[in-house]
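So this block is entry_29.cif, mmCIF, C-alpha atoms; chains and numbers go by the auth columns:
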```
data_structure
#
loop_
_atom_site.group_PDB
_atom_site.id
_atom_site.type_symbol
_atom_site.label_atom_id
_atom_site.label_comp_id
_atom_site.label_asym_id
_atom_site.label_seq_id
_atom_site.Cartn_x
_atom_site.Cartn_y
_atom_site.Cartn_z
_atom_site.B_iso_or_equiv
_atom_site.auth_seq_id
_atom_site.auth_asym_id
ATOM 1 C CA MET A 1 101.149 150.218 -27.034 0.00 1 A
ATOM 2 C CA SER A 2 98.708 152.959 -26.151 0.00 2 A
ATOM 3 C CA ARG A 3 95.001 152.340 -26.179 0.00 3 A
ATOM 4 C CA LEU A 4 92.277 154.672 -27.285 0.00 4 A
ATOM 5 C CA HIS A 5 89.908 155.545 -24.488 0.00 5 A
ATOM 6 C CA SER A 6 86.540 157.227 -24.430 0.00 6 A
ATOM 7 C CA GLU A 7 85.901 160.324 -22.363 0.00 7 A
ATOM 8 C CA ASN A 8 82.580 161.489 -20.968 0.00 8 A
ATOM 9 C CA HIS A 9 82.797 165.232 -20.683 0.00 9 A
ATOM 10 C CA LEU A 10 80.509 166.898 -18.164 0.00 10 A
ATOM 11 C CA VAL A 11 79.621 169.741 -20.537 0.00 11 A
ATOM 12 C CA SER A 12 77.395 167.316 -22.451 0.00 12 A
ATOM 13 C CA ARG A 13 75.022 167.370 -19.459 0.00 13 A
ATOM 14 C CA ILE A 14 74.583 171.114 -19.339 0.00 14 A
ATOM 15 C CA GLY A 15 71.296 171.254 -21.249 0.00 15 A
ATOM 16 C CA TRP A 16 69.211 169.048 -18.980 0.00 16 A
ATOM 17 C CA LEU A 17 71.280 169.674 -15.836 0.00 17 A
ATOM 18 C CA ARG A 18 70.656 173.427 -15.873 0.00 18 A
ATOM 19 C CA ALA A 19 66.894 172.985 -16.266 0.00 19 A
ATOM 20 C CA ALA A 20 66.743 170.198 -13.658 0.00 20 A
ATOM 21 C CA VAL A 21 68.695 172.052 -10.967 0.00 21 A
ATOM 22 C CA LEU A 22 66.864 175.319 -11.621 0.00 22 A
ATOM 23 C CA GLY A 23 63.467 173.612 -11.543 0.00 23 A
ATOM 24 C CA ALA A 24 64.043 171.627 -8.345 0.00 24 A
ATOM 25 C CA ASN A 25 65.690 174.547 -6.572 0.00 25 A
ATOM 26 C CA ASP A 26 62.854 176.880 -7.551 0.00 26 A
ATOM 27 C CA GLY A 27 60.276 174.318 -6.461 0.00 27 A
ATOM 28 C CA ILE A 28 61.753 173.945 -2.988 0.00 28 A
ATOM 29 C CA VAL A 29 62.491 177.630 -2.381 0.00 29 A
ATOM 30 C CA SER A 30 59.276 179.127 -3.770 0.00 30 A
ATOM 31 C CA THR A 31 56.929 176.552 -2.209 0.00 31 A
ATOM 32 C CA ALA A 32 58.700 176.503 1.148 0.00 32 A
ATOM 33 C CA SER A 33 58.712 180.308 1.197 0.00 33 A
ATOM 34 C CA LEU A 34 55.017 180.400 0.314 0.00 34 A
ATOM 35 C CA ILE A 35 54.223 177.911 3.062 0.00 35 A
ATOM 36 C CA MET A 36 56.311 179.873 5.573 0.00 36 A
ATOM 37 C CA GLY A 37 54.567 183.109 4.682 0.00 37 A
ATOM 38 C CA VAL A 38 51.079 181.619 4.952 0.00 38 A
ATOM 39 C CA ALA A 39 51.934 179.682 8.128 0.00 39 A
ATOM 40 C CA THR A 40 53.331 182.689 9.978 0.00 40 A
ATOM 41 C CA ALA A 41 50.191 184.623 9.050 0.00 41 A
ATOM 42 C CA SER A 42 48.345 182.269 11.439 0.00 42 A
ATOM 43 C CA ALA A 43 46.627 180.227 8.736 0.00 43 A
ATOM 44 C CA GLY A 44 45.330 176.714 9.435 0.00 44 A
ATOM 45 C CA THR A 45 46.955 173.544 8.095 0.00 45 A
ATOM 46 C CA SER A 46 44.265 173.035 5.432 0.00 46 A
ATOM 47 C CA GLN A 47 44.767 176.593 4.142 0.00 47 A
ATOM 48 C CA ILE A 48 48.524 176.068 4.048 0.00 48 A
ATOM 49 C CA LEU A 49 48.081 172.849 2.076 0.00 49 A
ATOM 50 C CA VAL A 50 45.790 174.539 -0.443 0.00 50 A
ATOM 51 C CA ALA A 51 48.225 177.411 -0.894 0.00 51 A
ATOM 52 C CA GLY A 52 51.166 175.033 -1.249 0.00 52 A
ATOM 53 C CA ALA A 53 49.387 172.782 -3.747 0.00 53 A
ATOM 54 C CA ALA A 54 48.320 175.795 -5.813 0.00 54 A
ATOM 55 C CA GLY A 55 51.894 177.056 -5.724 0.00 55 A
ATOM 56 C CA LEU A 56 53.166 173.669 -6.921 0.00 56 A
ATOM 57 C CA VAL A 57 50.833 173.523 -9.930 0.00 57 A
ATOM 58 C CA ALA A 58 51.193 177.177 -10.879 0.00 58 A
ATOM 59 C CA GLY A 59 54.955 177.116 -10.438 0.00 59 A
ATOM 60 C CA ALA A 60 55.434 173.956 -12.510 0.00 60 A
ATOM 61 C CA MET A 61 53.372 175.381 -15.361 0.00 61 A
ATOM 62 C CA SER A 62 55.140 178.716 -15.121 0.00 62 A
ATOM 63 C CA MET A 63 58.553 177.060 -15.204 0.00 63 A
ATOM 64 C CA ALA A 64 57.587 174.949 -18.206 0.00 64 A
ATOM 65 C CA ALA A 65 56.196 177.914 -20.123 0.00 65 A
ATOM 66 C CA GLY A 66 59.116 180.147 -19.228 0.00 66 A
ATOM 67 C CA GLU A 67 61.739 177.574 -20.202 0.00 67 A
ATOM 68 C CA TYR A 68 59.927 176.743 -23.439 0.00 68 A
ATOM 69 C CA VAL A 69 59.646 180.374 -24.518 0.00 69 A
ATOM 70 C CA SER A 70 63.210 181.203 -23.491 0.00 70 A
ATOM 71 C CA VAL A 71 64.856 178.179 -25.092 0.00 71 A
ATOM 72 C CA SER A 72 62.626 178.484 -28.176 0.00 72 A
ATOM 73 C CA SER A 73 63.970 181.994 -28.664 0.00 73 A
ATOM 74 C CA GLN A 74 67.482 180.601 -28.491 0.00 74 A
ATOM 75 C CA ALA A 75 66.565 177.870 -30.991 0.00 75 A
ATOM 76 C CA ASP A 76 65.044 180.461 -33.360 0.00 76 A
ATOM 77 C CA THR A 77 68.232 182.532 -33.180 0.00 77 A
ATOM 78 C CA GLU A 78 70.389 179.494 -33.888 0.00 78 A
ATOM 79 C CA GLU A 79 68.214 178.504 -36.853 0.00 79 A
ATOM 80 C CA ALA A 80 68.316 182.050 -38.250 0.00 80 A
ATOM 81 C CA ASP A 81 72.118 182.051 -38.018 0.00 81 A
ATOM 82 C CA LEU A 82 72.318 178.668 -39.725 0.00 82 A
ATOM 83 C CA ALA A 83 69.969 179.792 -42.502 0.00 83 A
ATOM 84 C CA ARG A 84 72.108 182.875 -43.142 0.00 84 A
ATOM 85 C CA GLU A 85 75.240 180.718 -43.097 0.00 85 A
ATOM 86 C CA ARG A 86 73.739 178.353 -45.680 0.00 86 A
ATOM 87 C CA THR A 87 73.024 181.295 -47.966 0.00 87 A
ATOM 88 C CA GLU A 88 76.551 182.687 -47.581 0.00 88 A
ATOM 89 C CA LEU A 89 78.068 179.262 -48.267 0.00 89 A
ATOM 90 C CA GLU A 90 76.057 179.023 -51.480 0.00 90 A
ATOM 91 C CA THR A 91 76.759 182.562 -52.693 0.00 91 A
ATOM 92 C CA GLN A 92 80.239 183.254 -51.263 0.00 92 A
ATOM 93 C CA PRO A 93 82.032 179.917 -50.807 0.00 93 A
ATOM 94 C CA ASP A 94 85.523 181.359 -51.269 0.00 94 A
ATOM 95 C CA ALA A 95 84.976 184.151 -48.753 0.00 95 A
ATOM 96 C CA GLU A 96 83.590 181.655 -46.253 0.00 96 A
ATOM 97 C CA LEU A 97 86.603 179.391 -46.728 0.00 97 A
ATOM 98 C CA ASP A 98 88.890 182.360 -46.085 0.00 98 A
ATOM 99 C CA GLU A 99 86.900 183.207 -42.973 0.00 99 A
ATOM 100 C CA LEU A 100 87.241 179.668 -41.623 0.00 100 A
ATOM 101 C CA THR A 101 90.953 179.708 -42.398 0.00 101 A
ATOM 102 C CA GLN A 102 91.413 182.895 -40.387 0.00 102 A
ATOM 103 C CA ILE A 103 89.577 181.344 -37.445 0.00 103 A
ATOM 104 C CA TYR A 104 92.111 178.521 -37.335 0.00 104 A
ATOM 105 C CA VAL A 105 94.997 180.936 -37.771 0.00 105 A
ATOM 106 C CA LYS A 106 93.784 182.857 -34.711 0.00 106 A
ATOM 107 C CA ARG A 107 93.766 179.580 -32.791 0.00 107 A
ATOM 108 C CA GLY A 108 97.469 179.100 -33.447 0.00 108 A
ATOM 109 C CA LEU A 109 97.825 177.257 -36.756 0.00 109 A
ATOM 110 C CA SER A 110 100.074 178.473 -39.539 0.00 110 A
ATOM 111 C CA HIS A 111 98.217 179.907 -42.533 0.00 111 A
ATOM 112 C CA ASP A 112 99.045 176.962 -44.790 0.00 112 A
ATOM 113 C CA LEU A 113 98.001 174.377 -42.211 0.00 113 A
ATOM 114 C CA ALA A 114 94.878 176.359 -41.351 0.00 114 A
ATOM 115 C CA ARG A 115 93.943 176.380 -45.021 0.00 115 A
ATOM 116 C CA GLN A 116 94.408 172.628 -45.287 0.00 116 A
ATOM 117 C CA VAL A 117 92.272 172.038 -42.203 0.00 117 A
ATOM 118 C CA ALA A 118 89.553 174.358 -43.498 0.00 118 A
ATOM 119 C CA VAL A 119 89.510 172.647 -46.891 0.00 119 A
ATOM 120 C CA GLN A 120 89.337 169.141 -45.438 0.00 120 A
ATOM 121 C CA LEU A 121 86.645 169.978 -42.885 0.00 121 A
ATOM 122 C CA THR A 122 84.456 171.777 -45.406 0.00 122 A
ATOM 123 C CA ALA A 123 84.857 168.895 -47.862 0.00 123 A
ATOM 124 C CA ASN A 124 83.438 166.583 -45.204 0.00 124 A
ATOM 125 C CA ASN A 125 80.546 168.775 -44.008 0.00 125 A
ATOM 126 C CA VAL A 126 80.769 172.453 -44.827 0.00 126 A
ATOM 127 C CA LEU A 127 77.788 173.623 -42.750 0.00 127 A
ATOM 128 C CA ASP A 128 78.843 171.582 -39.725 0.00 128 A
ATOM 129 C CA ALA A 129 82.352 173.084 -39.848 0.00 129 A
ATOM 130 C CA HIS A 130 81.049 176.648 -40.004 0.00 130 A
ATOM 131 C CA SER A 131 78.262 176.163 -37.445 0.00 131 A
ATOM 132 C CA ARG A 132 80.736 174.711 -34.957 0.00 132 A
ATOM 133 C CA ASP A 133 83.809 176.893 -35.499 0.00 133 A
ATOM 134 C CA GLU A 134 82.286 180.153 -36.729 0.00 134 A
ATOM 135 C CA LEU A 135 78.942 180.266 -34.935 0.00 135 A
ATOM 136 C CA GLY A 136 79.814 178.134 -31.897 0.00 136 A
ATOM 137 C CA ILE A 137 76.755 175.895 -32.315 0.00 137 A
ATOM 138 C CA VAL A 138 77.443 172.305 -31.285 0.00 138 A
ATOM 139 C CA ASP A 139 75.003 169.449 -30.921 0.00 139 A
ATOM 140 C CA HIS A 140 75.198 168.881 -27.155 0.00 140 A
ATOM 141 C CA MET A 141 74.802 172.620 -26.509 0.00 141 A
ATOM 142 C CA ALA A 142 71.962 173.160 -28.984 0.00 142 A
ATOM 143 C CA ALA A 143 68.668 174.573 -27.707 0.00 143 A
ATOM 144 C CA ARG A 144 66.001 171.929 -26.982 0.00 144 A
ATOM 145 C CA PRO A 145 62.807 173.737 -25.859 0.00 145 A
ATOM 146 C CA ILE A 146 60.605 170.715 -25.131 0.00 146 A
ATOM 147 C CA GLU A 147 63.317 168.928 -23.164 0.00 147 A
ATOM 148 C CA ALA A 148 63.990 172.053 -21.106 0.00 148 A
ATOM 149 C CA ALA A 149 60.267 172.682 -20.470 0.00 149 A
ATOM 150 C CA LEU A 150 59.481 169.121 -19.375 0.00 150 A
ATOM 151 C CA THR A 151 62.593 168.858 -17.220 0.00 151 A
ATOM 152 C CA SER A 152 61.822 172.140 -15.458 0.00 152 A
ATOM 153 C CA ALA A 153 58.160 171.289 -14.858 0.00 153 A
ATOM 154 C CA VAL A 154 58.844 167.807 -13.463 0.00 154 A
ATOM 155 C CA THR A 155 61.761 168.830 -11.270 0.00 155 A
ATOM 156 C CA PHE A 156 59.874 171.880 -9.977 0.00 156 A
ATOM 157 C CA ALA A 157 56.931 169.652 -9.004 0.00 157 A
ATOM 158 C CA VAL A 158 59.251 167.186 -7.255 0.00 158 A
ATOM 159 C CA GLY A 159 61.043 169.995 -5.429 0.00 159 A
ATOM 160 C CA ALA A 160 57.781 171.655 -4.415 0.00 160 A
ATOM 161 C CA ALA A 161 56.337 168.364 -3.164 0.00 161 A
ATOM 162 C CA LEU A 162 59.090 168.043 -0.543 0.00 162 A
ATOM 163 C CA PRO A 163 58.156 171.048 1.676 0.00 163 A
ATOM 164 C CA LEU A 164 54.485 170.327 1.000 0.00 164 A
ATOM 165 C CA MET A 165 54.994 166.820 2.362 0.00 165 A
ATOM 166 C CA MET A 166 56.439 168.313 5.541 0.00 166 A
ATOM 167 C CA VAL A 167 53.185 170.233 6.109 0.00 167 A
ATOM 168 C CA VAL A 168 51.397 166.887 6.324 0.00 168 A
ATOM 169 C CA LEU A 169 54.043 165.200 8.477 0.00 169 A
ATOM 170 C CA SER A 170 54.863 168.015 10.910 0.00 170 A
ATOM 171 C CA PRO A 171 52.769 168.707 14.031 0.00 171 A
ATOM 172 C CA ALA A 172 50.911 172.015 13.802 0.00 172 A
ATOM 173 C CA SER A 173 53.027 173.553 16.564 0.00 173 A
ATOM 174 C CA MET A 174 56.265 172.625 14.766 0.00 174 A
ATOM 175 C CA LEU A 175 55.100 173.176 11.198 0.00 175 A
ATOM 176 C CA VAL A 176 57.178 176.287 10.477 0.00 176 A
ATOM 177 C CA TYR A 177 60.345 174.788 11.939 0.00 177 A
ATOM 178 C CA GLY A 178 59.763 171.427 10.269 0.00 178 A
ATOM 179 C CA VAL A 179 59.242 172.950 6.827 0.00 179 A
ATOM 180 C CA ALA A 180 62.204 175.309 7.205 0.00 180 A
ATOM 181 C CA GLY A 181 64.628 172.677 8.477 0.00 181 A
ATOM 182 C CA ALA A 182 63.630 170.005 5.964 0.00 182 A
ATOM 183 C CA SER A 183 63.644 172.464 3.056 0.00 183 A
ATOM 184 C CA LEU A 184 67.156 173.655 3.898 0.00 184 A
ATOM 185 C CA ALA A 185 68.290 170.027 4.101 0.00 185 A
ATOM 186 C CA PHE A 186 66.671 169.325 0.719 0.00 186 A
ATOM 187 C CA LEU A 187 68.366 172.389 -0.766 0.00 187 A
ATOM 188 C CA ALA A 188 71.757 171.343 0.590 0.00 188 A
ATOM 189 C CA LEU A 189 71.299 167.869 -0.866 0.00 189 A
ATOM 190 C CA LEU A 190 70.215 169.332 -4.210 0.00 190 A
ATOM 191 C CA GLY A 191 73.227 171.629 -4.293 0.00 191 A
ATOM 192 C CA ALA A 192 75.549 168.711 -3.595 0.00 192 A
ATOM 193 C CA ILE A 193 73.932 166.502 -6.255 0.00 193 A
ATOM 194 C CA GLY A 194 73.973 169.275 -8.859 0.00 194 A
ATOM 195 C CA ALA A 195 77.612 170.080 -8.122 0.00 195 A
ATOM 196 C CA GLN A 196 78.600 166.422 -8.274 0.00 196 A
ATOM 197 C CA ALA A 197 76.797 165.900 -11.582 0.00 197 A
ATOM 198 C CA GLY A 198 78.339 169.024 -13.066 0.00 198 A
ATOM 199 C CA GLY A 199 81.818 168.495 -11.655 0.00 199 A
ATOM 200 C CA ALA A 200 81.693 171.700 -9.576 0.00 200 A
ATOM 201 C CA ASN A 201 82.839 172.403 -6.025 0.00 201 A
ATOM 202 C CA VAL A 202 80.325 170.632 -3.757 0.00 202 A
ATOM 203 C CA LEU A 203 80.837 172.787 -0.644 0.00 203 A
ATOM 204 C CA ARG A 204 80.548 176.059 -2.548 0.00 204 A
ATOM 205 C CA ALA A 205 77.408 174.977 -4.417 0.00 205 A
ATOM 206 C CA THR A 206 75.772 173.617 -1.259 0.00 206 A
ATOM 207 C CA THR A 207 76.524 176.765 0.751 0.00 207 A
ATOM 208 C CA ARG A 208 75.286 179.052 -2.005 0.00 208 A
ATOM 209 C CA VAL A 209 71.943 177.339 -2.548 0.00 209 A
ATOM 210 C CA THR A 210 71.293 176.909 1.186 0.00 210 A
ATOM 211 C CA PHE A 211 72.073 180.535 2.013 0.00 211 A
ATOM 212 C CA TRP A 212 69.725 181.984 -0.595 0.00 212 A
ATOM 213 C CA GLY A 213 67.006 179.497 0.282 0.00 213 A
ATOM 214 C CA ALA A 214 67.213 180.466 3.960 0.00 214 A
ATOM 215 C CA PHE A 215 67.145 184.142 3.022 0.00 215 A
ATOM 216 C CA ALA A 216 64.018 183.720 0.879 0.00 216 A
ATOM 217 C CA MET A 217 62.179 181.751 3.560 0.00 217 A
ATOM 218 C CA ALA A 218 63.127 184.196 6.310 0.00 218 A
ATOM 219 C CA LEU A 219 61.949 187.122 4.222 0.00 219 A
ATOM 220 C CA THR A 220 58.543 185.625 3.383 0.00 220 A
ATOM 221 C CA ALA A 221 58.081 184.408 6.970 0.00 221 A
ATOM 222 C CA GLY A 222 58.695 187.955 8.179 0.00 222 A
ATOM 223 C CA ILE A 223 56.216 189.389 5.685 0.00 223 A
ATOM 224 C CA GLY A 224 53.652 186.740 6.644 0.00 224 A
ATOM 225 C CA ALA A 225 54.039 187.591 10.312 0.00 225 A
ATOM 226 C CA LEU A 226 53.599 191.314 9.624 0.00 226 A
ATOM 227 C CA VAL A 227 50.554 190.802 7.449 0.00 227 A
ATOM 228 C CA GLY A 228 49.031 188.360 9.910 0.00 228 A
ATOM 229 C CA THR A 229 49.503 190.818 12.745 0.00 229 A
ATOM 230 C CA ALA A 230 48.081 193.707 10.711 0.00 230 A
ATOM 231 C CA VAL A 231 45.041 191.734 9.611 0.00 231 A
#
```

Starting from the file, lay out its structure as structure tokens.
Amino acid sequence: MSRLHSENHLVSRIGWLRAAVLGANDGIVSTASLIMGVATASAGTSQILVAGAAGLVAGAMSMAAGEYVSVSSQADTEEADLARERTELETQPDAELDELTQIYVKRGLSHDLARQVAVQLTANNVLDAHSRDELGIVDHMAARPIEAALTSAVTFAVGAALPLMMVVLSPASMLVYGVAGASLAFLALLGAIGAQAGGANVLRATTRVTFWGAFAMALTAGIGALVGTAV
């Protein structure tokens, strides 16, 4: 006798996972790059700490505001589509039922079976059936602006605190190397965790995030060195 079993699909994590990985990655890369640029410009440790702390606060607020505005726009679009769908369901119920039937036919059902499915689903919850199958709006993928903003801000701050911590722990003569090495290790760890949580290829994700982090830090370190020499 077969038993029913529950499944935890990874796609249900995509809302918070995207914001968390983006926030932490941005926090490490942007703050480490800022520190590298200031450090190679021959600034003192106190100046580097001030710049890094300012970058942490500004970056966290920027991430929160950016995520909130972006995801709010998505939420507004979804709500506008749902409002229009409600109106169409009230004024053109037969046409909407035909439209839902055709959606199921295109997915492989016979016309008669598709009609039966459409009728039964709309009898249960007509708006839910159309929002899911016509508009592609499902609960675990719905836009959540506040959740995205808070997740991005917190994870950015945590990510930014890691290279900033290395400024305090590293000797002045080894500061650039300490920040660079630790930040790349943090990025590799973040890539592995994000890939594991999302069910992606760990090696590919780790390599990708580490490469671009190293590129960003090398670029800002080079600019800092040039500016420091010029000044």

Can you work out the spacing between CA of Val69 (chain A) and CA of Asp26 (chain A) in Å, to one decimal?
17.6 Å

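With distances taken over all atoms listed in the file, A:Val117 is the one residue among A:Val117, A:Ala58, A:Ala83, A:Ala195 lying closest to Asp98 (chain A).
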
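Distances here use only C-alpha atoms; by that measure, the residue among A:Leu97, A:Ala39, A:Ala53, A:Val21 closest to Ala129 (chain A) is A:Leu97.
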
Radius query 12 Å about (82.7, 170.7, -38.6), atoms used: all atoms listed in the file, as an mmCIF file with C-alpha atoms, in the coordinates of the input:
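Output (result_17.cif):
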```cif
data_model
loop_
_atom_site.group_PDB
_atom_site.id
_atom_site.type_symbol
_atom_site.label_atom_id
_atom_site.label_comp_id
_atom_site.auth_asym_id
_atom_site.auth_seq_id
_atom_site.Cartn_x
_atom_site.Cartn_y
_atom_site.Cartn_z
ATOM 1 C CA LEU A 100 87.241 179.668 -41.623
ATOM 2 C CA VAL A 117 92.272 172.038 -42.203
ATOM 3 C CA ALA A 118 89.553 174.358 -43.498
ATOM 4 C CA VAL A 119 89.510 172.647 -46.891
ATOM 5 C CA GLN A 120 89.337 169.141 -45.438
ATOM 6 C CA LEU A 121 86.645 169.978 -42.885
ATOM 7 C CA THR A 122 84.456 171.777 -45.406
ATOM 8 C CA ALA A 123 84.857 168.895 -47.862
ATOM 9 C CA ASN A 124 83.438 166.583 -45.204
ATOM 10 C CA ASN A 125 80.546 168.775 -44.008
ATOM 11 C CA VAL A 126 80.769 172.453 -44.827
ATOM 12 C CA LEU A 127 77.788 173.623 -42.750
ATOM 13 C CA ASP A 128 78.843 171.582 -39.725
ATOM 14 C CA ALA A 129 82.352 173.084 -39.848
ATOM 15 C CA HIS A 130 81.049 176.648 -40.004
ATOM 16 C CA SER A 131 78.262 176.163 -37.445
ATOM 17 C CA ARG A 132 80.736 174.711 -34.957
ATOM 18 C CA ASP A 133 83.809 176.893 -35.499
ATOM 19 C CA GLU A 134 82.286 180.153 -36.729
ATOM 20 C CA LEU A 135 78.942 180.266 -34.935
ATOM 21 C CA GLY A 136 79.814 178.134 -31.897
ATOM 22 C CA ILE A 137 76.755 175.895 -32.315
ATOM 23 C CA VAL A 138 77.443 172.305 -31.285
ATOM 24 C CA ASP A 139 75.003 169.449 -30.921
#
```

Take CA of Phe186 (chain A) and CA of Ala24 (chain A) and report the distance between them in Å, one decimal.
9.7 Å

Residue nearest Val71 (chain A) among A:Ala149, A:Val176, A:Leu169, A:Ala214 (counting only C-alpha atoms)
A:Ala149

Quick one: everything within 12 Å of Ala65 (chain A), counting all atoms listed in the file, minus sequence neighbours fewer than 2 positions away in the same chain. Send it as a PyMOL selection string.
chain A and resi 58-63+67-72+145-153

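Under the PyMOL selection byres ((chain A and resi 182) around 10), the matching residues in the shown file are A:Ile28, A:Ala32, A:Leu162, A:Pro163, A:Met165, A:Met166, A:Tyr177, A:Gly178, A:Val179, A:Ala180, A:Gly181, A:Ser183, A:Leu184, A:Ala185, A:Phe186, A:Leu187, A:Ala188.
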
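In this structure, CA of Leu56 (chain A) sits 11.9 Å away from CA of Ser33 (chain A).
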
On this structure, which residues satisfy the PyMOL selection byres ((chain A and resi 194) around 10), written as a ChimeraX atom specification?
/A:17-18,20-22,188-193,195-202,205-206

Apply the PyMOL selection byres ((chain A and resi 35) around 9) to the structure shown and report the selected residues as a PyMOL selection string.
chain A and resi 30-34+36-40+48-49+51-52+163-164+167+176+179+217+220-221

Kindly provide, as lines of an AutoDock Vina configuration file, the centre and edge lengths (Å, one decimal) of an axis-aligned box around all atoms of region 167-183 of chain A given in the file, with 8 Å on each side.
```
center_x = 57.8
center_y = 170.7
center_z = 9.8
size_x = 29.7
size_y = 27.1
size_z = 29.5
```

Go through A:Ala64, A:Leu109, A:Val209, A:Val50 and flag the residue nearest Gly23 (chain A), using all atoms listed in the file for the distances.
A:Ala64

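Checking A:Leu226, A:Asp94, A:Arg144, A:Ala160 one by one against Ala75 (chain A), counting all atoms listed in the file, you find the shortest gap at A:Arg144.
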
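Of the listed residues (A:Ser42, A:Glu96, A:Glu90, A:Asn25), A:Ser42 comes nearest to Leu175 (chain A); the distances count only C-alpha atoms.
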